[in-house]
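> Below you'll find my_file01.pdb; it's PDB, C-alpha atoms.
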ATOM      1  CA  MET A   1      22.352 -43.277  20.557
ATOM      2  CA  GLY A   2      24.225 -40.513  18.708
ATOM      3  CA  SER A   3      24.460 -42.671  15.578
ATOM      4  CA  GLU A   4      20.664 -43.204  15.602
ATOM      5  CA  GLU A   5      19.970 -39.464  15.703
ATOM      6  CA  ASP A   6      22.375 -38.594  12.889
ATOM      7  CA  PRO A   7      20.404 -40.340  10.093
ATOM      8  CA  VAL A   8      17.165 -38.849  11.438
ATOM      9  CA  LYS A   9      18.682 -35.353  11.567
ATOM     10  CA  LYS A  10      20.203 -35.776   8.121
ATOM     11  CA  SER A  11      16.854 -36.931   6.751
ATOM     12  CA  GLN A  12      15.107 -33.898   8.291
ATOM     13  CA  VAL A  13      17.702 -31.524   6.812
ATOM     14  CA  VAL A  14      17.335 -33.130   3.377
ATOM     15  CA  ASP A  15      13.526 -32.880   3.586
ATOM     16  CA  ALA A  16      13.676 -29.234   4.675
ATOM     17  CA  ARG A  17      16.070 -28.321   1.853
ATOM     18  CA  ALA A  18      13.989 -30.247  -0.680
ATOM     19  CA  ARG A  19      10.777 -28.515   0.436
ATOM     20  CA  ASN A  20      12.470 -25.115   0.308
ATOM     21  CA  ILE A  21      13.714 -25.718  -3.228
ATOM     22  CA  SER A  22      10.375 -27.235  -4.291
ATOM     23  CA  HIS A  23       8.496 -24.116  -3.128
ATOM     24  CA  ASN A  24      10.629 -21.989  -5.466
ATOM     25  CA  VAL A  25      10.171 -24.184  -8.548
ATOM     26  CA  ARG A  26       7.091 -23.852 -10.774
ATOM     27  CA  CYS A  27       5.259 -26.959 -11.921
ATOM     28  CA  THR A  28       5.738 -27.169 -15.681
ATOM     29  CA  GLU A  29       2.354 -28.850 -16.148
ATOM     30  CA  CYS A  30       0.220 -26.680 -13.826
ATOM     31  CA  GLY A  31       2.083 -23.399 -14.239
ATOM     32  CA  SER A  32       0.425 -21.697 -11.296
ATOM     33  CA  GLN A  33       1.564 -24.054  -8.536
ATOM     34  CA  SER A  34       4.933 -24.899  -7.097
ATOM     35  CA  ILE A  35       6.057 -28.493  -7.460
ATOM     36  CA  GLU A  36       5.666 -28.814  -3.682
ATOM     37  CA  ASP A  37       1.931 -28.073  -3.938
ATOM     38  CA  SER A  38       1.252 -29.865  -7.228
ATOM     39  CA  GLN A  39       0.288 -33.519  -7.564
ATOM     40  CA  ALA A  40       1.093 -33.721 -11.279
ATOM     41  CA  ASP A  41       3.370 -36.560 -12.381
ATOM     42  CA  ILE A  42       6.120 -34.166 -13.466
ATOM     43  CA  ALA A  43       6.022 -32.425 -10.080
ATOM     44  CA  ILE A  44       6.453 -35.739  -8.276
ATOM     45  CA  LEU A  45       9.398 -36.598 -10.544
ATOM     46  CA  LEU A  46      10.981 -33.177  -9.985
ATOM     47  CA  ARG A  47      10.650 -33.514  -6.209
ATOM     48  CA  LYS A  48      12.390 -36.904  -6.434
ATOM     49  CA  LEU A  49      15.088 -35.412  -8.669
ATOM     50  CA  ILE A  50      15.711 -32.625  -6.146
ATOM     51  CA  ARG A  51      16.027 -35.127  -3.282
ATOM     52  CA  ASP A  52      18.416 -37.257  -5.349
ATOM     53  CA  GLU A  53      20.548 -34.213  -6.135
ATOM     54  CA  ILE A  54      20.655 -33.261  -2.442
ATOM     55  CA  HIS A  55      21.706 -36.812  -1.521
ATOM     56  CA  ALA A  56      24.418 -36.542  -4.188
ATOM     57  CA  GLY A  57      25.814 -33.574  -2.238
ATOM     58  CA  LYS A  58      24.909 -30.754  -4.608
ATOM     59  CA  SER A  59      24.241 -27.245  -3.303
ATOM     60  CA  ASP A  60      20.942 -25.399  -3.748
ATOM     61  CA  LYS A  61      22.474 -23.148  -6.411
ATOM     62  CA  GLU A  62      23.669 -26.145  -8.395
ATOM     63  CA  ILE A  63      20.211 -27.720  -8.221
ATOM     64  CA  TYR A  64      18.515 -24.487  -9.361
ATOM     65  CA  LYS A  65      21.031 -24.192 -12.196
ATOM     66  CA  LYS A  66      20.372 -27.796 -13.318
ATOM     67  CA  LEU A  67      16.593 -27.248 -13.266
ATOM     68  CA  GLU A  68      16.993 -24.023 -15.210
ATOM     69  CA  GLU A  69      19.189 -25.715 -17.818
ATOM     70  CA  ASP A  70      16.779 -28.636 -18.192
ATOM     71  CA  PHE A  71      13.446 -26.775 -18.132
ATOM     72  CA  GLY A  72      14.275 -23.135 -18.905
ATOM     73  CA  GLU A  73      14.248 -20.011 -16.773
ATOM     74  CA  THR A  74      10.461 -19.972 -16.426
ATOM     75  CA  VAL A  75      10.586 -22.980 -14.101
ATOM     76  CA  LEU A  76      11.957 -20.711 -11.344
ATOM     77  CA  TYR A  77       9.615 -18.362  -9.518
ATOM     78  CA  ALA A  78      12.392 -15.765  -9.118
ATOM     79  CA  PRO A  79      14.066 -15.375 -12.516
ATOM     80  CA  LYS A  80      17.478 -13.753 -12.787
ATOM     81  CA  PHE A  81      17.903 -10.076 -13.557
ATOM     82  CA  ASP A  82      19.695  -9.877 -16.895
ATOM     83  CA  LEU A  83      19.450  -7.994 -20.156
ATOM     84  CA  GLN A  84      16.529 -10.097 -21.383
ATOM     85  CA  THR A  85      14.401  -9.543 -18.267
ATOM     86  CA  ALA A  86      15.493  -5.958 -17.549
ATOM     87  CA  GLY A  87      12.495  -4.489 -19.380
ATOM     88  CA  LEU A  88      10.112  -6.625 -17.387
ATOM     89  CA  TRP A  89      11.716  -5.749 -14.060
ATOM     90  CA  LEU A  90      12.150  -2.030 -14.783
ATOM     91  CA  SER A  91       8.849  -1.284 -16.565
ATOM     92  CA  PRO A  92       6.953  -0.397 -13.344
ATOM     93  CA  LEU A  93       9.655   2.154 -12.488
ATOM     94  CA  VAL A  94       9.551   3.634 -15.988
ATOM     95  CA  VAL A  95       5.753   3.948 -15.888
ATOM     96  CA  ALA A  96       5.816   5.529 -12.416
ATOM     97  CA  GLY A  97       8.572   7.945 -13.483
ATOM     98  CA  ALA A  98       6.663   8.950 -16.609
ATOM     99  CA  ALA A  99       3.488   9.539 -14.594
ATOM    100  CA  ALA A 100       5.399  11.634 -12.050
ATOM    101  CA  GLY A 101       7.028  13.623 -14.865
ATOM    102  CA  ILE A 102       3.697  14.338 -16.538
ATOM    103  CA  TRP A 103       2.163  15.376 -13.210
ATOM    104  CA  ALA A 104       5.118  17.684 -12.406
ATOM    105  CA  PHE A 105       5.026  19.219 -15.887
ATOM    106  CA  ASN A 106       1.305  19.937 -15.608
ATOM    107  CA  ARG A 107       1.754  21.466 -12.148
ATOM    108  CA  HIS A 108       4.617  23.629 -13.411
ATOM    109  CA  ARG A 109       2.651  24.707 -16.477
ATOM    110  CA  GLN A 110      -0.370  25.549 -14.335
ATOM    111  CA  LYS A 111       1.708  27.720 -11.983
ATOM    112  CA  THR A 112       3.513  29.330 -14.912
ATOM    113  CA  ASN A 113       0.223  30.230 -16.542
ATOM    114  CA  VAL A 114      -0.882  32.024 -13.375
ATOM    115  CA  HIS A 115       2.352  33.987 -13.352
ATOM    116  CA  ILE A 116       1.939  34.913 -17.010
ATOM    117  CA  MET A 117      -1.638  36.060 -16.359
ATOM    118  CA  ALA A 118      -0.439  38.214 -13.461
ATOM    119  CA  LEU A 119       2.270  39.760 -15.655
ATOM    120  CA  ASN A 120      -0.298  40.436 -18.359
ATOM    121  CA  LEU A 121      -2.492  42.232 -15.809
ATOM    122  CA  VAL A 122       0.411  44.439 -14.793
ATOM    123  CA  ARG A 123       1.238  45.195 -18.423
ATOM    124  CA  GLY A 124      -2.376  46.051 -19.194
ATOM    125  CA  VAL A 125      -2.974  43.136 -21.549
ATOM    126  CA  PRO A 126      -6.664  42.153 -21.454
ATOM    127  CA  LEU A 127      -7.464  38.676 -20.110
ATOM    128  CA  THR A 128      -9.774  36.167 -21.740
ATOM    129  CA  PRO A 129     -12.960  35.265 -19.825
ATOM    130  CA  ASN A 130     -11.441  31.894 -18.871
ATOM    131  CA  GLU A 131      -8.300  33.615 -17.529
ATOM    132  CA  LYS A 132     -10.434  36.124 -15.605
ATOM    133  CA  GLN A 133     -12.358  33.283 -13.958
ATOM    134  CA  THR A 134      -9.115  31.489 -13.079
ATOM    135  CA  MET A 135      -7.676  34.660 -11.518
ATOM    136  CA  LEU A 136     -10.884  35.256  -9.540
ATOM    137  CA  ASP A 137     -10.849  31.674  -8.296
ATOM    138  CA  LEU A 138      -7.240  32.037  -7.193
ATOM    139  CA  LEU A 139      -7.510  35.489  -5.642
ATOM    140  CA  THR A 140     -10.878  35.170  -3.884
ATOM    141  CA  PRO A 141     -10.351  34.052  -0.296
ATOM    142  CA  PRO A 142     -12.293  31.015   0.842
ATOM    143  CA  PRO A 143     -15.470  31.761   2.806
ATOM    144  CA  SER A 144     -14.757  32.076   6.500
ATOM    145  CA  ARG A 145     -16.258  29.428   8.677
ATOM    146  CA  GLY A 146     -15.911  31.544  11.754
ATOM    147  CA  THR A 147     -13.233  31.023  14.321
ATOM    148  CA  PRO A 148     -14.220  30.111  17.863
ATOM    149  CA  SER A 149     -13.365  33.626  19.079
ATOM    150  CA  SER A 150     -15.600  35.293  16.440
ATOM    151  CA  LEU A 151     -18.425  32.922  17.295
ATOM    152  CA  TRP A 152     -17.976  33.791  20.980
ATOM    153  CA  ARG A 153     -18.145  37.542  20.191
ATOM    154  CA  ARG A 154     -21.334  37.147  18.180
ATOM    155  CA  TRP A 155     -22.962  35.137  20.941
ATOM    156  CA  ARG A 156     -21.972  37.733  23.595
ATOM    157  CA  GLU A 157     -23.391  40.600  21.497
ATOM    158  CA  GLN A 158     -26.814  39.008  21.361
TER
END
Would it be possible to restate this file's structure as structure tokens?

Amino acid sequence: MGSEEDPVKKSQVVDARARNISHNVRCTECGSQSIEDSQADIAILLRKLIRDEIHAGKSDKEIYKKLEEDFGETVLYAPKFDLQTAGLWLSPLVVAGAAAGIWAFNRHRQKTNVHIMALNLVRGVPLTPNEKQTMLDLLTPPPSRGTPSSLWRRWREQ
């Protein structure tokens, strides 16, 4: 009975490995589907090639390497990180860093301008109308909405 289960188990392991590899390989004809999902002729041939390679005793890495050598790096859904793809992988970080730098610079410049305006007031340098409006906006307290205790006092006084 043990010898009957071994081929079945081995077949299941081979199928699972083949499906796992097939999900990570792009169909060269479709482009947007994995070879596991595609019904194109090349996808069927690639699935058979992967199963043959597994039966030959090759590891997953060796199979990925063979596919990459035969079809190019674009056949894999997760390309390697190397000098050629570094710009592609790092561009979102560069864009986010640049945006954060611009935002921080503008915030710093805005605060610095307020400090310069305050120094100019102390020195007696006249402000432009725009600077006067900015200072008034900054120095005028927001309108009070009334705290619960002040509302209670007003209601009691009535």
> Please expand the PyMOL selection byres ((chain A and resi 53) around 12) into the concrete residues it hits in this file, giving the result as a PDB file with C-alpha atoms, keeping the file's coordinate frame.

ATOM      1  CA  VAL A  14      17.335 -33.130   3.377  1.00  0.00           C
ATOM      2  CA  ARG A  17      16.070 -28.321   1.853  1.00  0.00           C
ATOM      3  CA  ALA A  18      13.989 -30.247  -0.680  1.00  0.00           C
ATOM      4  CA  ILE A  21      13.714 -25.718  -3.228  1.00  0.00           C
ATOM      5  CA  LEU A  46      10.981 -33.177  -9.985  1.00  0.00           C
ATOM      6  CA  ARG A  47      10.650 -33.514  -6.209  1.00  0.00           C
ATOM      7  CA  LYS A  48      12.390 -36.904  -6.434  1.00  0.00           C
ATOM      8  CA  LEU A  49      15.088 -35.412  -8.669  1.00  0.00           C
ATOM      9  CA  ILE A  50      15.711 -32.625  -6.146  1.00  0.00           C
ATOM     10  CA  ARG A  51      16.027 -35.127  -3.282  1.00  0.00           C
ATOM     11  CA  ASP A  52      18.416 -37.257  -5.349  1.00  0.00           C
ATOM     12  CA  ILE A  54      20.655 -33.261  -2.442  1.00  0.00           C
ATOM     13  CA  HIS A  55      21.706 -36.812  -1.521  1.00  0.00           C
ATOM     14  CA  ALA A  56      24.418 -36.542  -4.188  1.00  0.00           C
ATOM     15  CA  GLY A  57      25.814 -33.574  -2.238  1.00  0.00           C
ATOM     16  CA  LYS A  58      24.909 -30.754  -4.608  1.00  0.00           C
ATOM     17  CA  SER A  59      24.241 -27.245  -3.303  1.00  0.00           C
ATOM     18  CA  ASP A  60      20.942 -25.399  -3.748  1.00  0.00           C
ATOM     19  CA  LYS A  61      22.474 -23.148  -6.411  1.00  0.00           C
ATOM     20  CA  GLU A  62      23.669 -26.145  -8.395  1.00  0.00           C
ATOM     21  CA  ILE A  63      20.211 -27.720  -8.221  1.00  0.00           C
ATOM     22  CA  TYR A  64      18.515 -24.487  -9.361  1.00  0.00           C
ATOM     23  CA  LYS A  65      21.031 -24.192 -12.196  1.00  0.00           C
ATOM     24  CA  LYS A  66      20.372 -27.796 -13.318  1.00  0.00           C
ATOM     25  CA  LEU A  67      16.593 -27.248 -13.266  1.00  0.00           C
TER      26      LEU A  67
END
> Skipping near chain neighbours, those fewer than 3 positions away, what residues fall within 12 Å of Ser38 in chain A using all atoms listed in the file, listed as a list in words?
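Contacts, in chain order: Ser22, His23, Val25, Arg26, Cys27, Thr28, Glu29, Cys30, Gly31, Ser32, Gln33, Ser34, Ile35, Asp41, Ile42, Ala43, Ile44, Leu45, Leu46 and Arg47 of chain A.
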> Skipping near chain neighbours, those fewer than 5 positions away, what residues fall within 10 Å of Ala118 in chain A using all atoms listed in the file, listed as a list in words?
Thr112, Asn113, Arg123, Gly124, Val125, Leu127, Glu131 and Met135 of chain A
> Hey, can you check how far CA of Val95 in chain A sits from CA of Thr74 in chain A?
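Computing it gives 24.4 Å between the two atoms.
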> Could you give me the centre and size, in Å to one decimal, of an axis-aligned box around all listed atoms of range 49-52 of chain A with 5 Å added on every side, as JSON?

{"center_x": 16.8, "center_y": -34.9, "center_z": -6.0, "size_x": 13.3, "size_y": 14.6, "size_z": 15.4}
> By how many Å are CA of Ala16 in chain A and CA of Gln39 in chain A apart?
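Taking CA of Ala16 in chain A and CA of Gln39 in chain A, their separation equals 18.6 Å.
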> Enter the distance from CA of Lys80 in chain A to CA of Val94 in chain A, in Å, rounded to one decimal.
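Going from CA of Lys80 in chain A over to CA of Val94 in chain A, I get 19.4 Å.
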> Can you rebuild range 10-21 of chain A with all heavy atoms and give it as a PDB file, in the coordinates of the input?

ATOM      1  N   LYS A  10      19.820 -35.946   9.517  1.00  0.00           N
ATOM      2  CA  LYS A  10      20.203 -35.776   8.121  1.00  0.00           C
ATOM      3  C   LYS A  10      18.973 -35.863   7.219  1.00  0.00           C
ATOM      4  O   LYS A  10      18.821 -35.073   6.283  1.00  0.00           O
ATOM      5  CB  LYS A  10      21.233 -36.830   7.726  1.00  0.00           C
ATOM      6  CG  LYS A  10      21.818 -36.599   6.363  1.00  0.00           C
ATOM      7  CD  LYS A  10      22.924 -37.580   6.067  1.00  0.00           C
ATOM      8  CE  LYS A  10      23.505 -37.271   4.693  1.00  0.00           C
ATOM      9  NZ  LYS A  10      24.549 -38.190   4.321  1.00  0.00           N
ATOM     10  N   SER A  11      18.083 -36.783   7.522  1.00  0.00           N
ATOM     11  CA  SER A  11      16.854 -36.931   6.751  1.00  0.00           C
ATOM     12  C   SER A  11      15.971 -35.683   6.873  1.00  0.00           C
ATOM     13  O   SER A  11      15.385 -35.227   5.892  1.00  0.00           O
ATOM     14  CB  SER A  11      16.084 -38.163   7.216  1.00  0.00           C
ATOM     15  OG  SER A  11      14.848 -38.239   6.580  1.00  0.00           O
ATOM     16  N   GLN A  12      15.904 -35.115   8.084  1.00  0.00           N
ATOM     17  CA  GLN A  12      15.107 -33.898   8.291  1.00  0.00           C
ATOM     18  C   GLN A  12      15.702 -32.710   7.535  1.00  0.00           C
ATOM     19  O   GLN A  12      14.977 -31.904   6.960  1.00  0.00           O
ATOM     20  CB  GLN A  12      15.006 -33.580   9.783  1.00  0.00           C
ATOM     21  CG  GLN A  12      14.125 -34.533  10.552  1.00  0.00           C
ATOM     22  CD  GLN A  12      14.151 -34.269  12.055  1.00  0.00           C
ATOM     23  OE1 GLN A  12      15.022 -33.553  12.554  1.00  0.00           O
ATOM     24  NE2 GLN A  12      13.192 -34.855  12.762  1.00  0.00           N
ATOM     25  N   VAL A  13      17.033 -32.612   7.538  1.00  0.00           N
ATOM     26  CA  VAL A  13      17.702 -31.524   6.812  1.00  0.00           C
ATOM     27  C   VAL A  13      17.460 -31.668   5.314  1.00  0.00           C
ATOM     28  O   VAL A  13      17.161 -30.689   4.625  1.00  0.00           O
ATOM     29  CB  VAL A  13      19.216 -31.502   7.141  1.00  0.00           C
ATOM     30  CG1 VAL A  13      19.974 -30.581   6.206  1.00  0.00           C
ATOM     31  CG2 VAL A  13      19.449 -31.101   8.585  1.00  0.00           C
ATOM     32  N   VAL A  14      17.573 -32.886   4.806  1.00  0.00           N
ATOM     33  CA  VAL A  14      17.335 -33.130   3.377  1.00  0.00           C
ATOM     34  C   VAL A  14      15.893 -32.776   3.019  1.00  0.00           C
ATOM     35  O   VAL A  14      15.634 -32.112   2.007  1.00  0.00           O
ATOM     36  CB  VAL A  14      17.650 -34.600   3.009  1.00  0.00           C
ATOM     37  CG1 VAL A  14      17.126 -34.945   1.622  1.00  0.00           C
ATOM     38  CG2 VAL A  14      19.140 -34.863   3.098  1.00  0.00           C
ATOM     39  N   ASP A  15      14.936 -33.202   3.848  1.00  0.00           N
ATOM     40  CA  ASP A  15      13.526 -32.880   3.586  1.00  0.00           C
ATOM     41  C   ASP A  15      13.274 -31.382   3.611  1.00  0.00           C
ATOM     42  O   ASP A  15      12.548 -30.848   2.766  1.00  0.00           O
ATOM     43  CB  ASP A  15      12.623 -33.574   4.614  1.00  0.00           C
ATOM     44  CG  ASP A  15      12.473 -35.064   4.347  1.00  0.00           C
ATOM     45  OD1 ASP A  15      12.825 -35.498   3.225  1.00  0.00           O
ATOM     46  OD2 ASP A  15      12.024 -35.786   5.264  1.00  0.00           O
ATOM     47  N   ALA A  16      13.872 -30.688   4.578  1.00  0.00           N
ATOM     48  CA  ALA A  16      13.676 -29.234   4.675  1.00  0.00           C
ATOM     49  C   ALA A  16      14.261 -28.526   3.455  1.00  0.00           C
ATOM     50  O   ALA A  16      13.626 -27.633   2.882  1.00  0.00           O
ATOM     51  CB  ALA A  16      14.311 -28.706   5.961  1.00  0.00           C
ATOM     52  N   ARG A  17      15.461 -28.922   3.048  1.00  0.00           N
ATOM     53  CA  ARG A  17      16.070 -28.321   1.853  1.00  0.00           C
ATOM     54  C   ARG A  17      15.239 -28.619   0.611  1.00  0.00           C
ATOM     55  O   ARG A  17      15.014 -27.739  -0.232  1.00  0.00           O
ATOM     56  CB  ARG A  17      17.488 -28.859   1.648  1.00  0.00           C
ATOM     57  CG  ARG A  17      18.527 -28.151   2.473  1.00  0.00           C
ATOM     58  CD  ARG A  17      19.921 -28.633   2.150  1.00  0.00           C
ATOM     59  NE  ARG A  17      20.297 -28.361   0.777  1.00  0.00           N
ATOM     60  CZ  ARG A  17      21.290 -28.978   0.141  1.00  0.00           C
ATOM     61  NH1 ARG A  17      21.998 -29.912   0.754  1.00  0.00           N
ATOM     62  NH2 ARG A  17      21.582 -28.665  -1.102  1.00  0.00           N
ATOM     63  N   ALA A  18      14.781 -29.857   0.492  1.00  0.00           N
ATOM     64  CA  ALA A  18      13.989 -30.247  -0.680  1.00  0.00           C
ATOM     65  C   ALA A  18      12.684 -29.465  -0.738  1.00  0.00           C
ATOM     66  O   ALA A  18      12.269 -29.007  -1.811  1.00  0.00           O
ATOM     67  CB  ALA A  18      13.709 -31.747  -0.655  1.00  0.00           C
ATOM     68  N   ARG A  19      12.020 -29.299   0.409  1.00  0.00           N
ATOM     69  CA  ARG A  19      10.777 -28.515   0.436  1.00  0.00           C
ATOM     70  C   ARG A  19      11.038 -27.056   0.076  1.00  0.00           C
ATOM     71  O   ARG A  19      10.253 -26.438  -0.642  1.00  0.00           O
ATOM     72  CB  ARG A  19      10.113 -28.623   1.806  1.00  0.00           C
ATOM     73  CG  ARG A  19       9.253 -29.860   1.959  1.00  0.00           C
ATOM     74  CD  ARG A  19       8.330 -29.769   3.169  1.00  0.00           C
ATOM     75  NE  ARG A  19       9.051 -29.551   4.412  1.00  0.00           N
ATOM     76  CZ  ARG A  19       9.609 -30.523   5.143  1.00  0.00           C
ATOM     77  NH1 ARG A  19       9.538 -31.767   4.738  1.00  0.00           N
ATOM     78  NH2 ARG A  19      10.231 -30.243   6.268  1.00  0.00           N
ATOM     79  N   ASN A  20      12.139 -26.506   0.597  1.00  0.00           N
ATOM     80  CA  ASN A  20      12.470 -25.115   0.308  1.00  0.00           C
ATOM     81  C   ASN A  20      12.711 -24.920  -1.188  1.00  0.00           C
ATOM     82  O   ASN A  20      12.205 -23.967  -1.786  1.00  0.00           O
ATOM     83  CB  ASN A  20      13.712 -24.694   1.108  1.00  0.00           C
ATOM     84  CG  ASN A  20      14.047 -23.249   0.920  1.00  0.00           C
ATOM     85  OD1 ASN A  20      13.172 -22.408   0.827  1.00  0.00           O
ATOM     86  ND2 ASN A  20      15.330 -22.952   0.846  1.00  0.00           N
ATOM     87  N   ILE A  21      13.465 -25.810  -1.786  1.00  0.00           N
ATOM     88  CA  ILE A  21      13.714 -25.718  -3.228  1.00  0.00           C
ATOM     89  C   ILE A  21      12.423 -25.939  -4.004  1.00  0.00           C
ATOM     90  O   ILE A  21      12.122 -25.216  -4.957  1.00  0.00           O
ATOM     91  CB  ILE A  21      14.809 -26.720  -3.660  1.00  0.00           C
ATOM     92  CG1 ILE A  21      16.145 -26.330  -3.029  1.00  0.00           C
ATOM     93  CG2 ILE A  21      14.927 -26.781  -5.175  1.00  0.00           C
ATOM     94  CD1 ILE A  21      17.245 -27.357  -3.214  1.00  0.00           C
TER      95      ILE A  21
END
